[in-house]
Amino acid sequence: MAFESCLLCHSTVFKPRVSVTNSVYEHLRSTNTLPENIISDIPALLSSVQKDLDDYESEIHRFQIRIADIQNRREMLRIHAENLQSLQSPIRRLPNELLTRVFGYLCIENDLTEGCPSAVTLGSVCLRWRQLTIECPELWSNMVIYLYEEDDFDEVVHGRLTCLVNLYLDRSKSHLLGLTFIGGPWCPDGDDGSDNPILQVAQQSFRWKHVSFDADKFSPGNYPIWDSLDLPVLDTLYLTSSYDVHDCSLEMLKNTPILRAFHASGCIVSGIET
């Protein structure tokens, strides 16, 4: 393969063996018979043409690699420019105390069934935010937990919920909890409760401060585990049922010495319809 310099970019490109001329077209349009010497040269010309085609293919591949490299360098430079601009972002100049307060508004409710709950999302932005969220237990102290009925049980969803509940209970440390339970009463039983998020939350009942139940047919009888809970700091309790329920004997209230607010909707409690 011979090489020559490109007249446009002065880079080295291969020099083709065959020059494309109009003579072939002239012979094709001519009514005269081709001379024997031209006919005898055609196989060699075709061989050279094929070699040139192969070389052109190699050149195209070489330039494609070069173009891809240039595009990659351009993308890296664009990302570098974005990172430089991010360093000027006003939020980076906020003190940790103020930034944590902003985080608190975002984590008033942590829906554990979402793709990525608020506290987890914040901790995934950068190292600084991760450290702030981990060091701030109140960001992990509010949880919205869906109680799936047996017909809706999904092992993958259940496993993910279990992991998230463990994470939130661990990172909330000793901070008081705000819990919202939504959905049906059924939850699979684990041998030791390690894979049962409801049992895990119940074991931390001494930290429950604000609790809300929202179910189609709420009845404490559907949650026998609640009857034996120790609720020394429970401050507010909300019960909401979409359908009237008449068997709300709230044994769980016997262990709530400082309960300040109790609201029931769609239930009859102690003979009083609310």
# chains A, B, ... in the order shown; residues from 1 in each chain; ligands from 1

$ select_by_dssp --residues "segment 36-244 of chain A" --states "strand (DSSP E)" --output "VMD selection string"
chain A and resid 142 to 147 177 to 183 208 to 215 236 to 244

$ residues_around --residues "Thr162 of chain A" --least-positions-apart "2" --cutoff "10 Å" --atoms "only C-alpha atoms" --output "list in words"
Leu112, Val156, Val157, His158, Gly159, Arg160, Leu164, Val165, Asn166, Leu167, Ser194, Asp195, Asn196, Pro197, Ile198 and Gln200 of chain A

$ write_last_selection --atoms "C-alpha atoms" --output "mmCIF file, in the first residue's frame"
data_model
loop_
_atom_site.group_PDB
_atom_site.id
_atom_site.type_symbol
_atom_site.label_atom_id
_atom_site.label_comp_id
_atom_site.auth_asym_id
_atom_site.auth_seq_id
_atom_site.Cartn_x
_atom_site.Cartn_y
_atom_site.Cartn_z
ATOM 1 C CA LEU A 112 -40.470 3.389 50.605
ATOM 2 C CA VAL A 156 -39.037 -8.750 44.822
ATOM 3 C CA VAL A 157 -41.002 -5.744 46.106
ATOM 4 C CA HIS A 158 -41.180 -7.297 49.569
ATOM 5 C CA GLY A 159 -37.418 -7.891 49.626
ATOM 6 C CA ARG A 160 -36.736 -4.315 48.561
ATOM 7 C CA LEU A 164 -35.239 -0.103 52.936
ATOM 8 C CA VAL A 165 -36.951 -0.478 56.317
ATOM 9 C CA ASN A 166 -33.718 -1.897 57.750
ATOM 10 C CA LEU A 167 -31.750 0.991 56.262
ATOM 11 C CA SER A 194 -35.724 -10.627 59.908
ATOM 12 C CA ASP A 195 -37.507 -10.590 56.548
ATOM 13 C CA ASN A 196 -40.726 -9.043 57.837
ATOM 14 C CA PRO A 197 -40.567 -5.230 57.658
ATOM 15 C CA ILE A 198 -43.689 -4.834 59.803
ATOM 16 C CA GLN A 200 -38.957 -4.825 62.305
#

$ residues_around --residues "Glu97 of chain A" --least-positions-apart "5" --cutoff "12 Å" --atoms "only C-alpha atoms" --output "list in words"
Val102, Phe103, Gly104, Trp129, Leu132, Thr133, Glu135 and Cys136 of chain A

$ write_last_selection --atoms "N, CA, C and O atoms" --output "PDB file, in the first residue's frame"
ATOM      1  N   VAL A 102     -32.949  22.199  54.583  1.00  0.00           N
ATOM      2  CA  VAL A 102     -33.631  22.026  53.292  1.00  0.00           C
ATOM      3  C   VAL A 102     -33.935  20.549  53.062  1.00  0.00           C
ATOM      4  O   VAL A 102     -35.034  20.181  52.628  1.00  0.00           O
ATOM      5  N   PHE A 103     -32.965  19.695  53.364  1.00  0.00           N
ATOM      6  CA  PHE A 103     -33.173  18.253  53.216  1.00  0.00           C
ATOM      7  C   PHE A 103     -34.362  17.788  54.053  1.00  0.00           C
ATOM      8  O   PHE A 103     -35.117  16.904  53.647  1.00  0.00           O
ATOM      9  N   GLY A 104     -34.511  18.385  55.232  1.00  0.00           N
ATOM     10  CA  GLY A 104     -35.592  17.982  56.122  1.00  0.00           C
ATOM     11  C   GLY A 104     -36.961  18.175  55.494  1.00  0.00           C
ATOM     12  O   GLY A 104     -37.862  17.343  55.671  1.00  0.00           O
ATOM     13  N   TRP A 129     -23.177  15.378  50.354  1.00  0.00           N
ATOM     14  CA  TRP A 129     -24.581  15.162  50.677  1.00  0.00           C
ATOM     15  C   TRP A 129     -24.778  13.797  51.339  1.00  0.00           C
ATOM     16  O   TRP A 129     -25.621  13.647  52.221  1.00  0.00           O
ATOM     17  N   LEU A 132     -23.808  14.163  54.930  1.00  0.00           N
ATOM     18  CA  LEU A 132     -24.804  14.950  55.653  1.00  0.00           C
ATOM     19  C   LEU A 132     -26.044  14.122  55.967  1.00  0.00           C
ATOM     20  O   LEU A 132     -26.578  14.182  57.081  1.00  0.00           O
ATOM     21  N   THR A 133     -26.519  13.361  54.988  1.00  0.00           N
ATOM     22  CA  THR A 133     -27.732  12.567  55.219  1.00  0.00           C
ATOM     23  C   THR A 133     -27.489  11.467  56.246  1.00  0.00           C
ATOM     24  O   THR A 133     -28.343  11.198  57.094  1.00  0.00           O
ATOM     25  N   GLU A 135     -25.364  11.531  58.670  1.00  0.00           N
ATOM     26  CA  GLU A 135     -25.164  12.135  59.989  1.00  0.00           C
ATOM     27  C   GLU A 135     -26.417  12.827  60.519  1.00  0.00           C
ATOM     28  O   GLU A 135     -26.380  13.395  61.615  1.00  0.00           O
ATOM     29  N   CYS A 136     -27.508  12.787  59.758  1.00  0.00           N
ATOM     30  CA  CYS A 136     -28.740  13.474  60.162  1.00  0.00           C
ATOM     31  C   CYS A 136     -29.865  12.444  60.301  1.00  0.00           C
ATOM     32  O   CYS A 136     -30.605  12.182  59.344  1.00  0.00           O
TER      33      CYS A 136
END

$ residues_around --residues "Pro117 of chain A" --least-positions-apart "3" --cutoff "12 Å" --atoms "only C-alpha atoms" --output "number ranges by chain"
A: 106-114, 120-124, 139-140, 142-145, 160-161, 164-165, 167-168

$ write_last_selection --atoms "N, CA and C atoms" --output "short mmCIF file (atom, residue, chain, number, x, y, z; two decimals), in the first residue's frame"
data_model
loop_
_atom_site.label_atom_id
_atom_site.label_comp_id
_atom_site.auth_asym_id
_atom_site.auth_seq_id
_atom_site.Cartn_x
_atom_site.Cartn_y
_atom_site.Cartn_z
N LEU A 106 -37.61 18.00 52.34
CA LEU A 106 -37.76 17.00 51.29
C LEU A 106 -38.06 15.61 51.85
N CYS A 107 -37.70 15.40 53.10
CA CYS A 107 -37.84 14.06 53.70
C CYS A 107 -38.97 14.00 54.72
N ILE A 108 -39.92 14.93 54.62
CA ILE A 108 -41.08 14.87 55.53
C ILE A 108 -41.80 13.55 55.35
N GLU A 109 -41.85 13.07 54.11
CA GLU A 109 -42.39 11.74 53.83
C GLU A 109 -41.37 11.00 52.97
N ASN A 110 -40.99 9.83 53.42
CA ASN A 110 -40.13 8.96 52.63
C ASN A 110 -40.95 7.75 52.20
N ASP A 111 -41.45 7.81 50.97
CA ASP A 111 -42.28 6.72 50.46
C ASP A 111 -41.36 5.57 50.06
N LEU A 112 -41.39 4.50 50.84
CA LEU A 112 -40.47 3.39 50.60
C LEU A 112 -40.86 2.53 49.41
N THR A 113 -41.98 2.83 48.77
CA THR A 113 -42.36 2.07 47.57
C THR A 113 -41.97 2.80 46.30
N GLU A 114 -41.45 4.03 46.42
CA GLU A 114 -41.02 4.77 45.25
C GLU A 114 -39.73 4.17 44.71
N VAL A 120 -32.62 8.57 50.41
CA VAL A 120 -31.68 7.79 49.60
C VAL A 120 -31.23 8.59 48.39
N THR A 121 -32.17 9.28 47.75
CA THR A 121 -31.84 10.09 46.57
C THR A 121 -30.85 11.19 46.93
N LEU A 122 -31.11 11.89 48.02
CA LEU A 122 -30.22 12.97 48.45
C LEU A 122 -28.81 12.45 48.73
N GLY A 123 -28.74 11.29 49.35
CA GLY A 123 -27.43 10.73 49.69
C GLY A 123 -26.67 10.19 48.50
N SER A 124 -27.33 10.16 47.33
CA SER A 124 -26.67 9.64 46.13
C SER A 124 -26.11 10.74 45.24
N LEU A 139 -33.66 12.74 59.01
CA LEU A 139 -34.02 12.58 57.60
C LEU A 139 -34.55 11.18 57.31
N TRP A 140 -34.21 10.23 58.17
CA TRP A 140 -34.59 8.83 57.97
C TRP A 140 -35.70 8.39 58.91
N ASN A 142 -38.96 9.40 59.03
CA ASN A 142 -40.33 9.38 58.53
C ASN A 142 -40.45 8.36 57.41
N MET A 143 -41.44 7.48 57.50
CA MET A 143 -41.59 6.42 56.51
C MET A 143 -43.05 6.23 56.13
N VAL A 144 -43.28 6.03 54.84
CA VAL A 144 -44.59 5.61 54.34
C VAL A 144 -44.43 4.16 53.89
N ILE A 145 -45.17 3.25 54.52
CA ILE A 145 -45.02 1.82 54.27
C ILE A 145 -46.34 1.25 53.77
N ARG A 160 -37.23 -5.69 48.63
CA ARG A 160 -36.74 -4.31 48.56
C ARG A 160 -37.25 -3.50 49.74
N LEU A 161 -38.54 -3.68 50.08
CA LEU A 161 -39.12 -2.96 51.21
C LEU A 161 -38.41 -3.34 52.50
N LEU A 164 -35.08 -1.53 52.67
CA LEU A 164 -35.24 -0.10 52.94
C LEU A 164 -35.64 0.17 54.38
N VAL A 165 -36.55 -0.65 54.92
CA VAL A 165 -36.95 -0.48 56.32
C VAL A 165 -35.74 -0.66 57.24
N LEU A 167 -32.63 -0.16 56.46
CA LEU A 167 -31.75 0.99 56.26
C LEU A 167 -32.25 2.21 57.03
N TYR A 168 -33.55 2.48 56.93
CA TYR A 168 -34.11 3.66 57.59
C TYR A 168 -34.09 3.53 59.11
#

$ select_by_dssp --residues "segment 43-233 of chain A" --states "helix (DSSP H, G or I)" --output "PyMOL selection string"
chain A and resi 43-87+90-93+96-106+118-122+127-134+137-140+150-152+155-171+197-202+205-207+220-222+224-228

$ decode --residues "segment 151-165 of chain A" --atoms "all heavy atoms" --output "PDB file, in the first residue's frame"
ATOM      1  N   ASP A 151     -52.948 -11.279  48.000  1.00  0.00           N
ATOM      2  CA  ASP A 151     -53.106 -11.434  46.553  1.00  0.00           C
ATOM      3  C   ASP A 151     -52.149 -10.533  45.774  1.00  0.00           C
ATOM      4  O   ASP A 151     -51.860 -10.795  44.606  1.00  0.00           O
ATOM      5  CB  ASP A 151     -54.552 -11.122  46.139  1.00  0.00           C
ATOM      6  CG  ASP A 151     -55.529 -12.156  46.680  1.00  0.00           C
ATOM      7  OD1 ASP A 151     -55.071 -13.266  47.020  1.00  0.00           O
ATOM      8  OD2 ASP A 151     -56.730 -11.842  46.778  1.00  0.00           O
ATOM      9  N   ASP A 152     -51.679  -9.461  46.409  1.00  0.00           N
ATOM     10  CA  ASP A 152     -50.793  -8.510  45.731  1.00  0.00           C
ATOM     11  C   ASP A 152     -49.327  -8.712  46.088  1.00  0.00           C
ATOM     12  O   ASP A 152     -48.478  -7.921  45.683  1.00  0.00           O
ATOM     13  CB  ASP A 152     -51.190  -7.066  46.098  1.00  0.00           C
ATOM     14  CG  ASP A 152     -52.602  -6.743  45.653  1.00  0.00           C
ATOM     15  OD1 ASP A 152     -53.007  -7.268  44.605  1.00  0.00           O
ATOM     16  OD2 ASP A 152     -53.289  -5.983  46.362  1.00  0.00           O
ATOM     17  N   PHE A 153     -49.027  -9.762  46.842  1.00  0.00           N
ATOM     18  CA  PHE A 153     -47.660  -9.944  47.323  1.00  0.00           C
ATOM     19  C   PHE A 153     -46.702 -10.199  46.168  1.00  0.00           C
ATOM     20  O   PHE A 153     -46.979 -10.982  45.260  1.00  0.00           O
ATOM     21  CB  PHE A 153     -47.597 -11.110  48.308  1.00  0.00           C
ATOM     22  CG  PHE A 153     -46.204 -11.410  48.789  1.00  0.00           C
ATOM     23  CD1 PHE A 153     -45.578 -10.555  49.676  1.00  0.00           C
ATOM     24  CD2 PHE A 153     -45.522 -12.530  48.336  1.00  0.00           C
ATOM     25  CE1 PHE A 153     -44.291 -10.820  50.121  1.00  0.00           C
ATOM     26  CE2 PHE A 153     -44.239 -12.800  48.776  1.00  0.00           C
ATOM     27  CZ  PHE A 153     -43.623 -11.947  49.673  1.00  0.00           C
ATOM     28  N   ASP A 154     -45.578  -9.509  46.195  1.00  0.00           N
ATOM     29  CA  ASP A 154     -44.518  -9.684  45.212  1.00  0.00           C
ATOM     30  C   ASP A 154     -43.209  -9.848  45.974  1.00  0.00           C
ATOM     31  O   ASP A 154     -42.820  -8.975  46.752  1.00  0.00           O
ATOM     32  CB  ASP A 154     -44.448  -8.472  44.274  1.00  0.00           C
ATOM     33  CG  ASP A 154     -43.405  -8.647  43.184  1.00  0.00           C
ATOM     34  OD1 ASP A 154     -42.201  -8.529  43.499  1.00  0.00           O
ATOM     35  OD2 ASP A 154     -43.791  -8.892  42.024  1.00  0.00           O
ATOM     36  N   GLU A 155     -42.537 -10.950  45.754  1.00  0.00           N
ATOM     37  CA  GLU A 155     -41.339 -11.258  46.539  1.00  0.00           C
ATOM     38  C   GLU A 155     -40.238 -10.224  46.336  1.00  0.00           C
ATOM     39  O   GLU A 155     -39.537  -9.853  47.285  1.00  0.00           O
ATOM     40  CB  GLU A 155     -40.825 -12.651  46.161  1.00  0.00           C
ATOM     41  CG  GLU A 155     -39.676 -13.128  47.041  1.00  0.00           C
ATOM     42  CD  GLU A 155     -39.296 -14.567  46.765  1.00  0.00           C
ATOM     43  OE1 GLU A 155     -40.030 -15.245  46.023  1.00  0.00           O
ATOM     44  OE2 GLU A 155     -38.260 -15.008  47.294  1.00  0.00           O
ATOM     45  N   VAL A 156     -40.082  -9.743  45.102  1.00  0.00           N
ATOM     46  CA  VAL A 156     -39.037  -8.750  44.822  1.00  0.00           C
ATOM     47  C   VAL A 156     -39.339  -7.440  45.547  1.00  0.00           C
ATOM     48  O   VAL A 156     -38.472  -6.843  46.190  1.00  0.00           O
ATOM     49  CB  VAL A 156     -38.910  -8.512  43.302  1.00  0.00           C
ATOM     50  CG1 VAL A 156     -37.922  -7.377  43.024  1.00  0.00           C
ATOM     51  CG2 VAL A 156     -38.462  -9.788  42.601  1.00  0.00           C
ATOM     52  N   VAL A 157     -40.594  -6.986  45.439  1.00  0.00           N
ATOM     53  CA  VAL A 157     -41.002  -5.744  46.106  1.00  0.00           C
ATOM     54  C   VAL A 157     -40.866  -5.891  47.617  1.00  0.00           C
ATOM     55  O   VAL A 157     -40.394  -4.981  48.312  1.00  0.00           O
ATOM     56  CB  VAL A 157     -42.452  -5.385  45.726  1.00  0.00           C
ATOM     57  CG1 VAL A 157     -42.933  -4.178  46.521  1.00  0.00           C
ATOM     58  CG2 VAL A 157     -42.548  -5.098  44.232  1.00  0.00           C
ATOM     59  N   HIS A 158     -41.269  -7.051  48.130  1.00  0.00           N
ATOM     60  CA  HIS A 158     -41.180  -7.297  49.569  1.00  0.00           C
ATOM     61  C   HIS A 158     -39.724  -7.266  50.039  1.00  0.00           C
ATOM     62  O   HIS A 158     -39.403  -6.680  51.084  1.00  0.00           O
ATOM     63  CB  HIS A 158     -41.812  -8.647  49.900  1.00  0.00           C
ATOM     64  CG  HIS A 158     -41.720  -9.017  51.348  1.00  0.00           C
ATOM     65  ND1 HIS A 158     -42.490  -8.420  52.321  1.00  0.00           N
ATOM     66  CD2 HIS A 158     -40.931  -9.920  51.993  1.00  0.00           C
ATOM     67  CE1 HIS A 158     -42.189  -8.941  53.504  1.00  0.00           C
ATOM     68  NE2 HIS A 158     -41.253  -9.845  53.329  1.00  0.00           N
ATOM     69  N   GLY A 159     -38.833  -7.888  49.259  1.00  0.00           N
ATOM     70  CA  GLY A 159     -37.418  -7.891  49.626  1.00  0.00           C
ATOM     71  C   GLY A 159     -36.826  -6.495  49.624  1.00  0.00           C
ATOM     72  O   GLY A 159     -36.038  -6.133  50.508  1.00  0.00           O
ATOM     73  N   ARG A 160     -37.231  -5.694  48.630  1.00  0.00           N
ATOM     74  CA  ARG A 160     -36.736  -4.315  48.561  1.00  0.00           C
ATOM     75  C   ARG A 160     -37.254  -3.495  49.742  1.00  0.00           C
ATOM     76  O   ARG A 160     -36.514  -2.718  50.346  1.00  0.00           O
ATOM     77  CB  ARG A 160     -37.173  -3.678  47.244  1.00  0.00           C
ATOM     78  CG  ARG A 160     -36.714  -2.244  47.060  1.00  0.00           C
ATOM     79  CD  ARG A 160     -37.143  -1.712  45.697  1.00  0.00           C
ATOM     80  NE  ARG A 160     -36.745  -0.324  45.532  1.00  0.00           N
ATOM     81  CZ  ARG A 160     -37.439   0.707  45.997  1.00  0.00           C
ATOM     82  NH1 ARG A 160     -38.570   0.490  46.639  1.00  0.00           N
ATOM     83  NH2 ARG A 160     -37.016   1.944  45.817  1.00  0.00           N
ATOM     84  N   LEU A 161     -38.540  -3.683  50.079  1.00  0.00           N
ATOM     85  CA  LEU A 161     -39.121  -2.961  51.213  1.00  0.00           C
ATOM     86  C   LEU A 161     -38.408  -3.336  52.504  1.00  0.00           C
ATOM     87  O   LEU A 161     -38.116  -2.474  53.344  1.00  0.00           O
ATOM     88  CB  LEU A 161     -40.612  -3.280  51.318  1.00  0.00           C
ATOM     89  CG  LEU A 161     -41.355  -2.664  52.510  1.00  0.00           C
ATOM     90  CD1 LEU A 161     -41.309  -1.146  52.445  1.00  0.00           C
ATOM     91  CD2 LEU A 161     -42.802  -3.152  52.547  1.00  0.00           C
ATOM     92  N   THR A 162     -38.101  -4.615  52.669  1.00  0.00           N
ATOM     93  CA  THR A 162     -37.398  -5.071  53.870  1.00  0.00           C
ATOM     94  C   THR A 162     -36.040  -4.401  53.998  1.00  0.00           C
ATOM     95  O   THR A 162     -35.660  -3.927  55.074  1.00  0.00           O
ATOM     96  CB  THR A 162     -37.226  -6.600  53.833  1.00  0.00           C
ATOM     97  OG1 THR A 162     -38.511  -7.227  53.750  1.00  0.00           O
ATOM     98  CG2 THR A 162     -36.512  -7.097  55.081  1.00  0.00           C
ATOM     99  N   CYS A 163     -35.304  -4.329  52.891  1.00  0.00           N
ATOM    100  CA  CYS A 163     -33.978  -3.692  52.911  1.00  0.00           C
ATOM    101  C   CYS A 163     -34.085  -2.210  53.255  1.00  0.00           C
ATOM    102  O   CYS A 163     -33.282  -1.683  54.038  1.00  0.00           O
ATOM    103  CB  CYS A 163     -33.295  -3.873  51.555  1.00  0.00           C
ATOM    104  SG  CYS A 163     -32.807  -5.568  51.183  1.00  0.00           S
ATOM    105  N   LEU A 164     -35.083  -1.533  52.675  1.00  0.00           N
ATOM    106  CA  LEU A 164     -35.239  -0.103  52.936  1.00  0.00           C
ATOM    107  C   LEU A 164     -35.641   0.165  54.384  1.00  0.00           C
ATOM    108  O   LEU A 164     -35.142   1.101  55.017  1.00  0.00           O
ATOM    109  CB  LEU A 164     -36.277   0.493  51.983  1.00  0.00           C
ATOM    110  CG  LEU A 164     -35.812   0.722  50.543  1.00  0.00           C
ATOM    111  CD1 LEU A 164     -36.981   1.153  49.663  1.00  0.00           C
ATOM    112  CD2 LEU A 164     -34.705   1.771  50.485  1.00  0.00           C
ATOM    113  N   VAL A 165     -36.546  -0.651  54.920  1.00  0.00           N
ATOM    114  CA  VAL A 165     -36.951  -0.478  56.317  1.00  0.00           C
ATOM    115  C   VAL A 165     -35.743  -0.662  57.235  1.00  0.00           C
ATOM    116  O   VAL A 165     -35.529   0.113  58.176  1.00  0.00           O
ATOM    117  CB  VAL A 165     -38.081  -1.463  56.680  1.00  0.00           C
ATOM    118  CG1 VAL A 165     -38.287  -1.501  58.193  1.00  0.00           C
ATOM    119  CG2 VAL A 165     -39.376  -1.058  55.987  1.00  0.00           C
TER     120      VAL A 165
END
